[in-house]
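Below you'll find the structure, written out as structure tokens, and then a few comments.
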Protein chains: 2
Amino acid sequence: MPITTDPKLRSFVDYDEKSHFPIQNLPFGIFTEKGQTRPGVRIGDMVLDLAVLEKRGFFPSRPKLFNTSTLNPFLAMGRSTWRAVRATVSRLLREDVGELRDNSELRGKALIPVQNITLQMPVAIGDYTDFYSSREHAVNVGTMFRGKENALMPNWRHLPVAYHGRSSSVVLSGTPIRRPRGQVILENQENPVFTASRLLDFELEVGFFIGPGSELGHPVPVDAAAEHIFGMVLVNDWSARDIQKWEYQPLGPFTAKNFATSISPWVVPLDALEPFLCKAPEQVPRPLPYLQAKNARTYDINLEVYLQNSRISSSNFKYLYWNIAQQLAHHTITGCNVNPGDLMASGTISAPGEGGCGSMLELSWNGSKPIRLHNGEERKFLRDGDTVTLTGWCQGAGFRVGFGEVTGTILPALD
Amino acid sequence: MPITTDPKLRSFVDYDEKSHFPIQNLPFGIFTEKGQTRPGVRIGDMVLDLAVLEKRGFFPSRPKLFNTSTLNPFLAMGRSTWRAVRATVSRLLREDVGELRDNSELRGKALIPVQNITLQMPVAIGDYTDFYSSREHAVNVGTMFRGKENALMPNWRHLPVAYHGRSSSVVLSGTPIRRPRGQVILENQENPVFTASRLLDFELEVGFFIGPGSELGHPVPVDAAAEHIFGMVLVNDWSARDIQKWEYQPLGPFTAKNFATSISPWVVPLDALEPFLCKAPEQVPRPLPYLQAKNARTYDINLEVYLQNSRISSSNFKYLYWNIAQQLAHHTITGCNVNPGDLMASGTISAPGEGGCGSMLELSWNGSKPIRLHNGEERKFLRDGDTVTLTGWCQGAGFRVGFGEVTGTILPALD
């Protein structure tokens with residue numbers, strides 16, 4: 001195990017054992033302070049300014065990566081650079097290393113309280129792809145719309161189904177979400193009407209960012225996938241179910257999902273998630289060889305959904321049938337190239353059994369079983385003013401490696 | 001009519017009446033000469049260097065737009081800048097204006113023969129969207145797969161169906177196209193096999209580039225669409241039909257189309273196409289108000305497909321049921337934002353009747369009726385070594401406003 005993930009590591013920066021951002025995590029983000037935007041690493045409730053460290057020569061053998069307002073140049077460098085930077089940052093933040101701890105001038109410049117910063121989109125996203133990799137979710141939705149016998153399409157167990165999403169409307173956590181208007185079919189009617197969506201929904205997802213890109217015409221082998229993946233964020237793929245139902249055949253969802261997708265601001269490196277690797281679900285039938293990893297693993301990440309203050313769902317990333325290596329291998333199998341900063345999301349992650357559904361569509365069983373909130377209110381789908389918050393973390397021995405949260409509040413539709 | 005499209009205009013640069021690039025056209029592209037990449041305008045077989053003109057002060061009231069390797073900054077400026085630059089370029093190239101004509105030093109620097117340049121991608125594409133707006137194409141495909149009675153899905157006449165495409169693999173004309181490998185179902189088999197695609201196809205399309213972007217949450221009204229569209233290119237949306245058939249349900253095409261999409265290098269401004277505006281097809285039923293333009297028009301653009309030297313299809317852009325203003329209005333109706341350089345393509349443009357199909361799938365009626373080439377060979381789908389060339393032009397009185405061509409040759413699949 002690399003020293004950076006050692007459970008015994010302590011930082012001179014204070015945080016408690018429920019913090020998502022202990023020294024074992026060290027996620028990367030982009031922040032603005034005093035009008036300047038640059039990359040930083042989160043620790044507890046502080047941000048370590050990477051531009052300052054770079055200027056002071058702490059990353060000597062690297063080209064200029066942090067005098068910039070996106071993580072893309074850093075992502076493009078690949079694993080050896082990611083690990084070298086992570087090792088330096090980890091060392092500087094240790095309670096038993098004096099270099100930063102005892103340099104009050106540098107500490108004052110490089111360590112900034114989170115209440116003094118504004119977070120920005122961490123990455124300039126080129127292409128955004130959304131998978132459909134949770135069997136529980138696919139079975140739930142399929143059962144609702146096609147019955148239990150035909151719940152899973154014949155292709156579902158053979159390949160990670162996905163669609164290309166819209167990258168322009170991927171927004172940062174906290175961005176208000178305007179209820180979309182569009183075409184829907186009302187009950188017992190044949191022709192569509194133009195209306196504000198009545199079946200607005202969230203989707204609980206986790207996405208990963210591509211590091212070094214690949215060349216057009218050359219697939220990324222499943223066992224090389226991790227070399228191309230920098231880290232992960234929480235993703236809420238907002239969806240208008242009534243618009244989706246009318247528009248999606250035969251080419252898939254379009255305006256029902258292109259109005260907004262929210263992501264959490266801190267990108268958690270795969271290197272920080274390594275201690276939480278676990279066995280990937282068994283796959284029957286065995287997929288074709290290009291989807292078989294030598295050692296198929298996934299991550300044990302607790303996931304929760306809150307509507308206002310009510311927890312309405314608990315799931316886990318480990319339930320995903322198709323893992324991220326398989327997703328990337330399949331995405332590129334026909335020769336599609338990927339670029340630094342491309343985002344690939346999991347699709348809604350629903351857990352087996354009750355209480356683990358990753359969307360209102362499933363939680364309310366297509367609106368037939370309203371869910372009850374703490375304050376006694378009921379919901380079938382989202383109302384104006386509702387705030388949806390997704391959170392996720394890996395549980396270590398006495399610490400959490402977390403994703404923080406991705407949140408969004410529904411604004412009423414335009415007149 | 002603005003002077004720039006006057007049929008009587010002549011340039012001191014020579015070209016014949018079949019040239020796609022007379023002074024009435026003046027399309028924009030990006031080229032490299034002597035190691036430097038910059039924007040240019042095509043006229044006859046010459047390229048006018050916009051970086052040189054800008055440096056010499058010919059665009060005085062504009063910010064620096066042409067000291068760059070993409071057209072994006074120019075696209076972002078909007079119509080008044082597009083028209084001012086076009087007017088200046090048009091004036092400089094006129095046979096009755098001496099400013100460039102008689103300045104041999106400037107002419108030598110600013111006018112470069114096309115054989116001395118290498119063309120580049122004209123635009124850094126953010127998002128790529130592909131519509132499905134040809135009724136003839138949708139009916140042909142629907143009839144093949146669902147029978148004549150159910151050829152058009154119920155939504156098709158109510159909204160311009162589309163899917164989000166993959167922008168990373170949009171490539172310039174001339175880029176070889178590697179035959180993709182992927183999952184397909186062979187006849188009478190239940191489980192997929194991994195194989196090189198046997199049903200490789202082209203799609204005859206035309207796409208437009210977004211100029212000034214729009215704000216998230218705010219739809220672009222159908223009557224304002226032209227303010228957001230700079231110009232058009234030819235698009236070949238290469239497709240692996242066997243992979244598509246197996247993967248596309250329920251979320252639409254994914255790896256069957258993400259391996260390559262080719263575009264022509266010269267972006268023809270809408271301003272150059274204005275004389276070729278024509279009435280848009282009648283739409284029954286009348287679409288919802290957000291899709292009704294005050295004056296619904298489209299463009300009369302002849303389109304042809306060549307396989308090697310055999311012309312295998314003749315179609316026209318004017319047959320498209322949904323016009324570009326409707327496409328953009330629908331794309332943004334839920335609040336999806338667009339950015340300068342986004343590409344939106346028409347979908348396959350098939351003409352009514354025989355001989356106007358825009359794909360091999362339709363031309364060979366799903367492989368059941370091979371087509372015959374000049375040399376006596378037959379084709380159901382594309383073979384390794386085949387070269388597909390799309391071309392298109394508007395016919396003026398004694399001149400053509402053309403798109404040049406988009407071409408690609410099929411390479412054998414990787415081992």
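Numbering starts fresh at 1 for the residues of each chain in the structure tokens, the chains themselves are lettered A, B, ... in the order given, and ligands are numbered from 1 as they appear.
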Write out as a compact mmCIF listing (two decimals) with N, CA, C and O atoms, in the first residue's frame every residue belonging to chain B that has an atom at most 7 Å from any atom of chain A, counting only C-alpha atoms.
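Result saved to selection_1.txt:
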# COMPACT_ATOMS: atom_id res chain seq x y z
N GLY B 126 -17.39 21.63 -29.54
CA GLY B 126 -17.72 21.32 -28.15
C GLY B 126 -18.62 20.10 -28.10
O GLY B 126 -18.16 18.99 -27.80
N ASP B 127 -19.87 20.27 -28.47
CA ASP B 127 -20.81 19.16 -28.53
C ASP B 127 -21.26 18.95 -29.96
O ASP B 127 -21.39 19.89 -30.74
N ASN B 155 -43.87 10.02 -32.53
CA ASN B 155 -43.32 11.35 -32.22
C ASN B 155 -42.73 12.06 -33.43
O ASN B 155 -42.49 13.27 -33.39
N ALA B 162 -33.54 13.47 -32.40
CA ALA B 162 -32.08 13.61 -32.49
C ALA B 162 -31.42 12.80 -31.38
O ALA B 162 -32.10 12.35 -30.45
N TYR B 163 -30.12 12.62 -31.50
CA TYR B 163 -29.34 12.06 -30.39
C TYR B 163 -28.05 12.87 -30.27
O TYR B 163 -27.60 13.50 -31.23
N HIS B 164 -27.49 12.85 -29.05
CA HIS B 164 -26.20 13.46 -28.85
C HIS B 164 -25.13 12.55 -29.44
O HIS B 164 -25.14 11.35 -29.16
N GLY B 165 -24.24 13.11 -30.24
CA GLY B 165 -23.19 12.31 -30.86
C GLY B 165 -21.88 12.47 -30.10
O GLY B 165 -21.82 13.04 -29.02
N ARG B 166 -20.82 11.96 -30.69
CA ARG B 166 -19.49 12.00 -30.07
C ARG B 166 -18.64 13.03 -30.79
O ARG B 166 -18.36 12.86 -31.99
N SER B 167 -18.21 14.08 -30.11
CA SER B 167 -17.46 15.13 -30.81
C SER B 167 -15.98 14.78 -30.97
O SER B 167 -15.34 15.26 -31.91
N SER B 168 -15.43 13.94 -30.07
CA SER B 168 -13.98 13.68 -30.15
C SER B 168 -13.58 13.02 -31.45
O SER B 168 -12.45 13.17 -31.91
N SER B 169 -14.50 12.28 -32.05
CA SER B 169 -14.15 11.52 -33.26
C SER B 169 -14.67 12.18 -34.53
O SER B 169 -14.76 11.53 -35.57
N ARG B 178 -11.04 3.67 -40.18
CA ARG B 178 -10.75 2.28 -39.80
C ARG B 178 -12.08 1.54 -39.60
O ARG B 178 -12.93 1.99 -38.84
N PRO B 180 -14.61 -0.52 -37.94
CA PRO B 180 -14.69 -0.82 -36.50
C PRO B 180 -14.97 -2.29 -36.23
O PRO B 180 -15.54 -3.00 -37.06
N ARG B 181 -14.54 -2.72 -35.04
CA ARG B 181 -14.91 -4.04 -34.54
C ARG B 181 -15.84 -3.86 -33.34
O ARG B 181 -15.74 -2.87 -32.62
N GLY B 182 -16.69 -4.82 -33.13
CA GLY B 182 -17.60 -4.71 -31.99
C GLY B 182 -18.50 -5.93 -31.89
O GLY B 182 -18.25 -6.96 -32.53
N LEU B 216 -27.70 28.73 -20.28
CA LEU B 216 -28.40 27.58 -19.71
C LEU B 216 -29.74 28.03 -19.12
O LEU B 216 -29.82 29.05 -18.43
N GLY B 217 -30.78 27.28 -19.42
CA GLY B 217 -32.11 27.61 -18.90
C GLY B 217 -32.94 28.48 -19.83
O GLY B 217 -34.13 28.69 -19.57
N TRP B 246 -27.74 -4.29 -32.69
CA TRP B 246 -27.65 -5.04 -31.43
C TRP B 246 -27.62 -4.12 -30.21
O TRP B 246 -28.20 -4.41 -29.17
N GLU B 247 -26.97 -2.97 -30.34
CA GLU B 247 -26.74 -2.14 -29.15
C GLU B 247 -27.79 -1.08 -28.88
O GLU B 247 -27.85 -0.54 -27.79
N PRO B 250 -32.16 0.38 -25.10
CA PRO B 250 -33.17 1.42 -25.33
C PRO B 250 -32.60 2.83 -25.44
O PRO B 250 -33.39 3.76 -25.56
N LEU B 251 -31.28 3.03 -25.44
CA LEU B 251 -30.75 4.39 -25.32
C LEU B 251 -30.19 4.97 -26.61
O LEU B 251 -29.61 6.06 -26.60
N GLY B 252 -30.36 4.26 -27.74
CA GLY B 252 -29.92 4.82 -29.02
C GLY B 252 -28.55 4.35 -29.44
O GLY B 252 -27.87 3.59 -28.73
N PRO B 253 -28.08 4.80 -30.61
CA PRO B 253 -26.78 4.37 -31.14
C PRO B 253 -25.64 4.89 -30.27
O PRO B 253 -25.70 5.99 -29.76
N PHE B 254 -24.60 4.07 -30.12
CA PHE B 254 -23.47 4.45 -29.25
C PHE B 254 -22.17 4.11 -29.99
O PHE B 254 -21.67 4.93 -30.75
N THR B 255 -21.63 2.90 -29.79
CA THR B 255 -20.35 2.58 -30.46
C THR B 255 -20.51 2.40 -31.97
O THR B 255 -19.52 2.45 -32.70
N ASN B 258 -19.75 6.10 -32.92
CA ASN B 258 -18.77 6.99 -32.28
C ASN B 258 -17.35 6.80 -32.79
O ASN B 258 -16.42 7.42 -32.28
N PHE B 259 -17.14 5.95 -33.79
CA PHE B 259 -15.77 5.69 -34.25
C PHE B 259 -15.27 6.73 -35.24
O PHE B 259 -14.05 6.91 -35.38
N HIS B 331 -33.72 21.74 -29.81
CA HIS B 331 -32.55 21.32 -29.03
C HIS B 331 -32.50 22.07 -27.70
O HIS B 331 -32.09 21.52 -26.67
N ILE B 333 -35.11 23.77 -26.19
CA ILE B 333 -36.41 24.10 -25.60
C ILE B 333 -36.47 23.78 -24.11
O ILE B 333 -37.12 24.48 -23.34
N THR B 334 -35.73 22.75 -23.67
CA THR B 334 -35.73 22.43 -22.24
C THR B 334 -34.72 23.29 -21.48
O THR B 334 -34.58 23.14 -20.26
N GLY B 335 -34.01 24.17 -22.19
CA GLY B 335 -33.04 25.04 -21.53
C GLY B 335 -31.60 24.65 -21.78
O GLY B 335 -30.68 25.29 -21.26
N CYS B 336 -31.38 23.63 -22.59
CA CYS B 336 -30.00 23.23 -22.94
C CYS B 336 -29.28 24.42 -23.57
O CYS B 336 -29.82 25.07 -24.46
N ASN B 337 -28.09 24.72 -23.10
CA ASN B 337 -27.30 25.81 -23.69
C ASN B 337 -26.46 25.30 -24.86
O ASN B 337 -26.12 24.12 -24.92
N VAL B 338 -26.13 26.21 -25.77
CA VAL B 338 -25.24 25.88 -26.89
C VAL B 338 -24.04 26.82 -26.83
O VAL B 338 -24.14 27.92 -26.29
request  = Within 12 Å of Tyr15 in chain A, counting only C-alpha atoms, which residues show up once you throw out same-chain ones fewer than 3 positions away? Write them as a list in words, please.
outcome  =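 After dropping sequence-adjacent residues, the list is Arg10, Ser11, Phe12, Lys18, Ser19, His20, Phe21, Pro22, Ile23, Arg42, Ile43, Gly44, Asp45, Met46, Gly398, Phe399 and Arg400 of chain A.
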Neighbour list for Leu48 in chain A as number ranges by chain, cut-off 9 Å, only C-alpha atoms, skip fewer than 5 positions in-chain = A: 39-43, 53, 89, 107, 110-112
request  = Name all residues at most 8 Å from Phe59 in chain B (count only C-alpha atoms; drop same-chain ones fewer than 5 positions away) and give them as a ChimeraX atom specification.
outcome  = /B:53-54,85,88
Written selection (all heavy atoms) as an mmCIF file, in the first residue's frame:
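Written out: result08.cif:
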data_model
loop_
_atom_site.group_PDB
_atom_site.id
_atom_site.type_symbol
_atom_site.label_atom_id
_atom_site.label_comp_id
_atom_site.auth_asym_id
_atom_site.auth_seq_id
_atom_site.Cartn_x
_atom_site.Cartn_y
_atom_site.Cartn_z
ATOM 1 N N LEU B 53 -4.301 39.695 -43.305
ATOM 2 C CA LEU B 53 -5.168 40.875 -43.465
ATOM 3 C C LEU B 53 -5.392 41.580 -42.134
ATOM 4 O O LEU B 53 -5.389 42.807 -42.054
ATOM 5 C CB LEU B 53 -6.518 40.466 -44.069
ATOM 6 C CG LEU B 53 -6.518 39.932 -45.502
ATOM 7 C CD1 LEU B 53 -7.951 39.719 -45.970
ATOM 8 C CD2 LEU B 53 -5.772 40.863 -46.451
ATOM 9 N N GLU B 54 -5.601 40.771 -41.083
ATOM 10 C CA GLU B 54 -5.836 41.373 -39.766
ATOM 11 C C GLU B 54 -4.618 42.171 -39.305
ATOM 12 O O GLU B 54 -4.741 43.283 -38.792
ATOM 13 C CB GLU B 54 -6.175 40.286 -38.742
ATOM 14 C CG GLU B 54 -6.545 40.834 -37.367
ATOM 15 C CD GLU B 54 -7.047 39.745 -36.437
ATOM 16 O OE1 GLU B 54 -6.237 38.869 -36.032
ATOM 17 O OE2 GLU B 54 -8.239 39.739 -36.127
ATOM 18 N N VAL B 85 -16.698 41.295 -41.792
ATOM 19 C CA VAL B 85 -15.508 40.620 -42.321
ATOM 20 C C VAL B 85 -15.770 40.127 -43.751
ATOM 21 O O VAL B 85 -14.944 40.295 -44.653
ATOM 22 C CB VAL B 85 -15.088 39.452 -41.399
ATOM 23 C CG1 VAL B 85 -14.025 38.582 -42.064
ATOM 24 C CG2 VAL B 85 -14.572 39.990 -40.059
ATOM 25 N N THR B 88 -15.625 43.022 -46.193
ATOM 26 C CA THR B 88 -14.242 43.442 -46.459
ATOM 27 C C THR B 88 -13.550 42.468 -47.410
ATOM 28 O O THR B 88 -12.914 42.872 -48.392
ATOM 29 C CB THR B 88 -13.448 43.529 -45.135
ATOM 30 O OG1 THR B 88 -14.086 44.483 -44.287
ATOM 31 C CG2 THR B 88 -12.004 43.930 -45.383
#
inquiry  = Please identify the helix (DSSP H, G or I) residues within range 124-341 of chain B (assignment by DSSP from backbone atoms) and present them as a PyMOL selection string.
reply    = chain B and resi 135-146+148-150+222-228+241-247+270-276+289-291+317-319+324-331
request  = Could you please determine the separation between CA of Ile117 in chain A and CA of Arg101 in chain A in Å, to one decimal place?
outcome  = 21.4 Å
ask   = What's the 10 Å shell around Val141 in chain A, counting only C-alpha atoms, without same-chain residues fewer than 3 positions away, as a PyMOL selection string?
value = chain A and resi 135-138+144-148+151-152+361-362+365-366
Generate a file of the selected residues that holds C-alpha atoms, formatted as an mmCIF file, in the first residue's frame.
data_model
loop_
_atom_site.group_PDB
_atom_site.id
_atom_site.type_symbol
_atom_site.label_atom_id
_atom_site.label_comp_id
_atom_site.auth_asym_id
_atom_site.auth_seq_id
_atom_site.Cartn_x
_atom_site.Cartn_y
_atom_site.Cartn_z
ATOM 1 C CA ARG A 135 -28.767 -4.083 -13.132
ATOM 2 C CA GLU A 136 -31.164 -3.189 -10.331
ATOM 3 C CA HIS A 137 -31.993 0.123 -12.026
ATOM 4 C CA ALA A 138 -32.386 -1.432 -15.474
ATOM 5 C CA MET A 144 -42.307 -0.768 -15.045
ATOM 6 C CA PHE A 145 -42.434 -0.264 -18.787
ATOM 7 C CA ARG A 146 -42.228 -3.754 -20.301
ATOM 8 C CA GLY A 147 -43.153 -6.149 -17.488
ATOM 9 C CA LYS A 148 -41.023 -8.479 -15.373
ATOM 10 C CA ALA A 151 -37.311 -6.239 -17.993
ATOM 11 C CA LEU A 152 -33.741 -6.495 -19.306
ATOM 12 C CA LEU A 361 -39.115 7.018 -10.865
ATOM 13 C CA GLU A 362 -38.129 3.877 -8.977
ATOM 14 C CA TRP A 365 -42.676 3.200 -8.671
ATOM 15 C CA ASN A 366 -43.577 5.511 -11.559
#
inquiry  = According to DSSP computed on the backbone, where in range 118-152 of chain A is there strand (DSSP E or B)? Give the residues as a PyMOL selection string.
reply    = chain A and resi 118-120+128-131
request  = Provide the CA of Gly341 in chain A to CA of Gly213 in chain A distance in Å, to one decimal place.
outcome  =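 We find that CA of Gly341 in chain A and CA of Gly213 in chain A lie 8.7 Å from each other.
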ask   = Interatomic distance between CA of Gly356 in chain B and CA of Val222 in chain B?
value =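 So the two atoms, CA of Gly356 in chain B and CA of Val222 in chain B, lie 28.9 Å apart.
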key: Pro73 in chain B environment, 10 Å, only C-alpha atoms, sequence neighbours closer than 4 positions dropped, as JSON, numbers by chain   = {"B": [63, 64, 65, 66, 67, 68, 69, 77, 78, 123, 211, 212, 340, 341]}
task = For range 305-309 of chain A, work out the shell of residues within 8 Å, counting only C-alpha atoms and skipping chain neighbours fewer than 2 positions away, then give it as an MDAnalysis selection string.
result = chainID A and resid 204 303 311:314 358 373:374 386:391
Among the residues B:Asn150, B:Gln24, B:Ser133, B:Asn236, the one that comes closest to Thr5 in chain B [using only C-alpha atoms] =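 Closest to Thr5 in chain B, using only C-alpha atoms: B:Gln24.
The smallest atom-to-atom distance between Ser350 in chain A and any of A:Asp16, A:Ser315, A:Pro269, A:Arg56, using only C-alpha atoms, is found for A:Ser315.
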